[in-house]
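To start, the structure itself, in structure tokens.
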Amino acid sequence: MLQPRTYPELLGKALMLDADPHVVLQDDDQPWVEGLVITVLVGALAGLAQLIGGWLLNLTMPPAALTLSALLDSIGATLGPAVQAESEPAVRLLWGWVGLITGYGGGWGRLLIVAGMPLLLVVQWAFFGFIGYGVASYLGGKGSLSQTLGAVGLMVAPQVLLFFRIIPFVSVSGLLLAVWSLLIAYRAIEVVHELPWRKAVISTLTLPVILGLAGLAAYLVNAAILYVGGM
Amino acid sequence: MSEQAIRSNPSDAQLSETPEVVAILPASDDGMAVTVFYNECPEGGFFDVGQWLPPREQMQYALRLNARYAIEGDPEHQAAIAPCPATSMRQGAGMIFMAALITGALPFLIRWIQAARFGTATPLLDLARLFNVESAFPADGGIPLVTDAVYRVVGLDPRAPAWLAAGLSALGEWISLPLDWLTVWIIYGVGVLAVSHLLGAHTTLQHFFAGTSYTCLPFLLLLLTPIPYLGVLAAGAALVWAAILYVRSVMVVTGLDLGRTLVSVIAPGALVGLLLLLGFGAAVFSALQYAVM
């Protein structure tokens, strides 16, 4: 049964790497549903906080249109009107991307963050849950898939730090979020599957290692294509 | 006869109904009052503020570089300090957050005032300073396009009143400080923990992070950084003090000897430095190759 009132405490204890919240979700009657709801809720709130933060960021800065205009004027004044006219489309395109990433400049594009955050976190949760369960079971783990998905849902806990981004210019390290999430996932798999620490580490790191190797392979293939193309 | 229960946390109501008495001592000169100590940890609410900091005495032990008593408690006087001597990760995280907030409080006020006087947000103030916009003689040798762009952008007024724009941006910088400290604590800690396990340490994640959290305390000296000269000295002293405390804390929580502890503490930093050096070398090599071609 869904217990949203307990979520703040579950998330807080998961952040402190306690075993209790994983045990609670393991013993729940619908662990995977709880995991999914926790993930979506935290993602949506983090997205909302960043949306409001982006709006406040715009208040603290000069209007984006004026800033862009000043930049284009600079190009014209220092490099000449011809360069300004030639580079203007590229500068405007780049400016649009900067606005989308930082939230500076407004526009409905920022709503993408609200929708995108939960989606991204659900994908991460599902991948971790399925692969973590598969590897842990292979290594002798005792937990079920539903219990794994429930406990692994708490790996979203560090995203709570993104709530601080409701204040403009607050920076939260992506590396911190990734590493802390991995630590919580490790605890989840260790607790749910009753695995010794080495096996729990292997189960946790399988997905990041696969992703890392895939990224490296893609980079090498890309570099090889560019190298051959350049010859 | 009155009784006074001494507990480290304010959530007394949530203690077990049948606490175990482990010591009865005279608590006043008349000898009538007694003090009752409980040997169980209070099960207070997770978000009770009092549960997020270690007892003051244990922080003092840490500042005196007595890492064992700070992390595990002073066995002789522990009952008078707290019924739960071992520092928890929650207390460690709370302490780091609080210490960083205290350290950043004065710089926050200074940055707010400076940016408000300049009439802009703090990042634009930094940009202006970088390109010497405040001076009558702009920095020489800058790229003309960038310099010109900075001059134009920092001259624009923010949408909100300047004091509000400056305040919000300074607040953002201030709140970022605890998050930065947490980042170093967790990420560097994972590296040290991994190496120490390879060298034979046996400790848990929670115990390790709880023990190493005291390293934040010497950095309170960074509060003095806005003061010219003294600030630099204070920063240097904080760094050395924290480094010694970190090594001693890692020794306590991992049970390793000094040599292996030093390897555990230095190896992650050395690895990161090596990778950065390799990256820098590769970039320079590529640039030279491009120049030759």
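Ordering of the structure tokens sets the chain letters (A, B, ...); residue numbers start at 1 within each chain; ligands are numbered from 1 in the order shown.
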
Check your understanding: Neighbours of range 212-215 of chain B within 9 Å (only C-alpha atoms; same-chain residues fewer than 5 positions away dropped), as a PyMOL selection string?
Key -> chain B and resi 59+62-63+67+70-71+89+91-93+95-96+185+189+207+241-250+253

The selected residues should be written to file as an mmCIF file, in the first residue's frame (atoms: C-alpha atoms).
data_model
loop_
_atom_site.group_PDB
_atom_site.id
_atom_site.type_symbol
_atom_site.label_atom_id
_atom_site.label_comp_id
_atom_site.auth_asym_id
_atom_site.auth_seq_id
_atom_site.Cartn_x
_atom_site.Cartn_y
_atom_site.Cartn_z
ATOM 1 C CA MET B 59 33.623 18.102 18.241
ATOM 2 C CA ALA B 62 38.164 16.362 17.019
ATOM 3 C CA LEU B 63 39.593 19.881 17.056
ATOM 4 C CA ALA B 67 39.943 11.371 16.506
ATOM 5 C CA ALA B 70 35.587 12.210 18.741
ATOM 6 C CA ILE B 71 34.301 9.289 16.705
ATOM 7 C CA MET B 89 26.554 9.540 9.354
ATOM 8 C CA GLN B 91 25.366 13.714 12.550
ATOM 9 C CA GLY B 92 28.351 13.926 10.217
ATOM 10 C CA ALA B 93 26.316 15.226 7.299
ATOM 11 C CA MET B 95 27.841 18.931 10.973
ATOM 12 C CA ILE B 96 29.352 19.434 7.515
ATOM 13 C CA TRP B 185 33.322 14.384 1.625
ATOM 14 C CA GLY B 189 35.713 9.431 0.791
ATOM 15 C CA HIS B 207 31.062 4.410 10.026
ATOM 16 C CA TRP B 241 44.838 20.934 10.476
ATOM 17 C CA ALA B 242 42.132 19.209 8.427
ATOM 18 C CA ALA B 243 44.643 16.979 6.640
ATOM 19 C CA ILE B 244 46.079 15.731 9.950
ATOM 20 C CA LEU B 245 42.591 15.198 11.366
ATOM 21 C CA TYR B 246 41.483 13.333 8.230
ATOM 22 C CA VAL B 247 44.442 10.945 8.412
ATOM 23 C CA ARG B 248 43.838 10.281 12.100
ATOM 24 C CA SER B 249 40.105 9.767 11.498
ATOM 25 C CA VAL B 250 40.773 7.303 8.671
ATOM 26 C CA VAL B 253 37.662 3.998 11.371
#

Check your understanding: Using only C-alpha atoms, which residues sit within 12 Å of Asp27 in chain A once same-chain residues fewer than 3 positions away are excluded, as a ChimeraX atom specification?
Key -> /A:1,20-24,30-32,34,143-144,146-148,150-151,191-192

Write the residues of the preceding selection, restricted to N, CA and C atoms, as a compact mmCIF listing (two decimals), in the first residue's frame.
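Full text of out28.txt as output:
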# COMPACT_ATOMS: atom_id res chain seq x y z
N MET A 1 0.85 -1.20 0.00
CA MET A 1 0.00 0.00 0.00
C MET A 1 0.88 1.25 0.00
N ASP A 20 17.46 0.37 7.08
CA ASP A 20 16.03 0.35 7.41
C ASP A 20 15.09 0.64 6.24
N PRO A 21 15.32 1.72 5.49
CA PRO A 21 14.35 2.03 4.43
C PRO A 21 14.28 0.93 3.37
N HIS A 22 15.37 0.26 3.12
CA HIS A 22 15.36 -0.81 2.14
C HIS A 22 14.57 -2.02 2.67
N VAL A 23 14.71 -2.24 3.97
CA VAL A 23 13.95 -3.34 4.59
C VAL A 23 12.45 -3.03 4.53
N VAL A 24 12.12 -1.75 4.80
CA VAL A 24 10.70 -1.35 4.76
C VAL A 24 10.13 -1.60 3.37
N GLN A 30 3.64 -4.00 -2.25
CA GLN A 30 3.89 -3.69 -3.66
C GLN A 30 5.18 -2.87 -3.79
N PRO A 31 6.31 -3.49 -3.57
CA PRO A 31 7.56 -2.71 -3.52
C PRO A 31 7.84 -1.93 -4.80
N TRP A 32 7.61 -2.56 -5.96
CA TRP A 32 7.99 -1.87 -7.20
C TRP A 32 7.13 -0.64 -7.46
N GLU A 34 5.89 1.29 -5.07
CA GLU A 34 6.44 2.32 -4.17
C GLU A 34 7.70 2.93 -4.79
N GLY A 143 16.65 -11.83 -3.07
CA GLY A 143 15.51 -10.92 -3.25
C GLY A 143 14.78 -11.16 -4.56
N SER A 144 13.50 -10.73 -4.58
CA SER A 144 12.73 -10.84 -5.82
C SER A 144 12.93 -9.58 -6.66
N SER A 146 10.59 -7.56 -7.73
CA SER A 146 9.76 -6.49 -7.19
C SER A 146 10.43 -5.84 -5.98
N GLN A 147 11.02 -6.66 -5.11
CA GLN A 147 11.72 -6.11 -3.93
C GLN A 147 12.93 -5.28 -4.37
N THR A 148 13.63 -5.76 -5.38
CA THR A 148 14.81 -5.02 -5.88
C THR A 148 14.38 -3.67 -6.43
N GLY A 150 11.76 -1.99 -5.70
CA GLY A 150 11.31 -1.13 -4.61
C GLY A 150 12.47 -0.48 -3.89
N ALA A 151 13.45 -1.31 -3.50
CA ALA A 151 14.59 -0.78 -2.72
C ALA A 151 15.46 0.13 -3.57
N VAL A 191 21.19 -5.29 1.00
CA VAL A 191 20.16 -5.60 2.01
C VAL A 191 19.12 -6.57 1.44
N VAL A 192 18.59 -6.25 0.28
CA VAL A 192 17.49 -7.05 -0.27
C VAL A 192 17.96 -8.47 -0.64

Contact table chain A vs chain B, cut-off 8 Å, shortest pair per residue, only C-alpha atoms, as JSON lines:
{"residue": "A:Glu9", "atom": "CA", "partner": "B:Phe46", "partner_atom": "CA", "distance": 6.4}
{"residue": "A:Gly12", "atom": "CA", "partner": "B:Phe46", "partner_atom": "CA", "distance": 7.7}
{"residue": "A:Lys13", "atom": "CA", "partner": "B:Phe46", "partner_atom": "CA", "distance": 7.7}
{"residue": "A:Met16", "atom": "CA", "partner": "B:Arg90", "partner_atom": "CA", "distance": 5.9}
{"residue": "A:Leu17", "atom": "CA", "partner": "B:Gln206", "partner_atom": "CA", "distance": 6.4}
{"residue": "A:Asp18", "atom": "CA", "partner": "B:Gln206", "partner_atom": "CA", "distance": 7.8}
{"residue": "A:Asn58", "atom": "CA", "partner": "B:Arg159", "partner_atom": "CA", "distance": 7.4}
{"residue": "A:Leu59", "atom": "CA", "partner": "B:Arg159", "partner_atom": "CA", "distance": 5.1}
{"residue": "A:Thr60", "atom": "CA", "partner": "B:Ala165", "partner_atom": "CA", "distance": 4.1}
{"residue": "A:Met61", "atom": "CA", "partner": "B:Pro158", "partner_atom": "CA", "distance": 4.5}
{"residue": "A:Pro62", "atom": "CA", "partner": "B:Pro158", "partner_atom": "CA", "distance": 3.9}
{"residue": "A:Pro63", "atom": "CA", "partner": "B:Arg159", "partner_atom": "CA", "distance": 6.4}
{"residue": "A:Leu66", "atom": "CA", "partner": "B:Leu156", "partner_atom": "CA", "distance": 7.9}
{"residue": "A:Thr67", "atom": "CA", "partner": "B:Val153", "partner_atom": "CA", "distance": 5.9}
{"residue": "A:Ala70", "atom": "CA", "partner": "B:Arg152", "partner_atom": "CA", "distance": 5.9}
{"residue": "A:Leu71", "atom": "CA", "partner": "B:Ala149", "partner_atom": "CA", "distance": 5.5}
{"residue": "A:Ser74", "atom": "CA", "partner": "B:Ala149", "partner_atom": "CA", "distance": 5.2}
{"residue": "A:Ile75", "atom": "CA", "partner": "B:Leu145", "partner_atom": "CA", "distance": 6.3}
{"residue": "A:Thr78", "atom": "CA", "partner": "B:Leu145", "partner_atom": "CA", "distance": 5.6}
{"residue": "A:Leu79", "atom": "CA", "partner": "B:Leu145", "partner_atom": "CA", "distance": 7.5}
{"residue": "A:Phe164", "atom": "CA", "partner": "B:Ile175", "partner_atom": "CA", "distance": 7.7}
{"residue": "A:Ile167", "atom": "CA", "partner": "B:Gly172", "partner_atom": "CA", "distance": 5.7}
{"residue": "A:Pro168", "atom": "CA", "partner": "B:Gly172", "partner_atom": "CA", "distance": 5.6}
{"residue": "A:Phe169", "atom": "CA", "partner": "B:Gly172", "partner_atom": "CA", "distance": 4.8}
{"residue": "A:Val170", "atom": "CA", "partner": "B:Gly172", "partner_atom": "CA", "distance": 4.5}
{"residue": "A:Ser171", "atom": "CA", "partner": "B:Ser176", "partner_atom": "CA", "distance": 5.6}
{"residue": "A:Val172", "atom": "CA", "partner": "B:Leu179", "partner_atom": "CA", "distance": 6.4}
{"residue": "A:Ser173", "atom": "CA", "partner": "B:Thr183", "partner_atom": "CA", "distance": 6.9}
{"residue": "A:Leu175", "atom": "CA", "partner": "B:Ile187", "partner_atom": "CA", "distance": 7.9}
{"residue": "A:Leu176", "atom": "CA", "partner": "B:Thr183", "partner_atom": "CA", "distance": 5.3}
{"residue": "A:Val179", "atom": "CA", "partner": "B:Ile187", "partner_atom": "CA", "distance": 6.8}
{"residue": "A:Trp180", "atom": "CA", "partner": "B:Ile186", "partner_atom": "CA", "distance": 7.2}

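Straight-line separation from CA of Ile52 in chain A to CA of Ile113 in chain A: 10.9 Å.
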
Review point. Near Ile101 in chain A, within 10 Å and counting only C-alpha atoms, which residues show up once chain neighbours fewer than 4 positions away are dropped, as a VMD selection string?
Key: chain A and resid 54 95 to 97 109 to 110 113

Exercise for review: Fewer than 5 positions away in the same chain doesn't count, so skip those; otherwise give me all residues within 10 Å of range 203-215 of chain A, counting only C-alpha atoms, as a VMD selection string.
Suggested key: chain A and resid 124 127 to 139 141 182 to 190 195 197 to 198 220 to 221

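The space separating CA of Asn132 in chain B from CA of Asp73 in chain A comes to 20.4 Å.
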
Exercise for review: Please give the complete set of residues from range 21-228 of chain A that DSSP, run on the backbone, assigns to alpha helix (DSSP H), formatted as a ChimeraX atom specification.
Suggested key: /A:21-26,31-60,64-79,81-102,111-138,145-152,174-193,197-228

Check your understanding: With only C-alpha atoms as the atoms that count, which of A:Gly153, A:Gly99, A:Gly116, A:Pro196 lies nearest to Ala64 in chain A?
Key ->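 Nearest candidate to Ala64 in chain A out of A:Gly153, A:Gly99, A:Gly116, A:Pro196: A:Gly99.
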
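Atom to atom, CA of Gly73 in chain B and CA of Val263 in chain B stand 26.4 Å apart.
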
Exercise for review: Find the residues around range 267-270 of chain B up to 12 Å (only C-alpha atoms counted), leave out those fewer than 6 positions away in its own chain, and share them as a PyMOL selection string.
Suggested key: chain B and resi 184+187-196+198-199+259-261+276-277

Exercise for review: Go through A:Gly140, A:Pro89, A:Gly76, A:Gly53 one by one, measure the shortest atom-to-atom distance of each to Thr102 in chain A using only C-alpha atoms, and give the residue with the smallest value.
Suggested key: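 Once distances to Thr102 in chain A are computed over only C-alpha atoms, the minimum belongs to A:Gly53.
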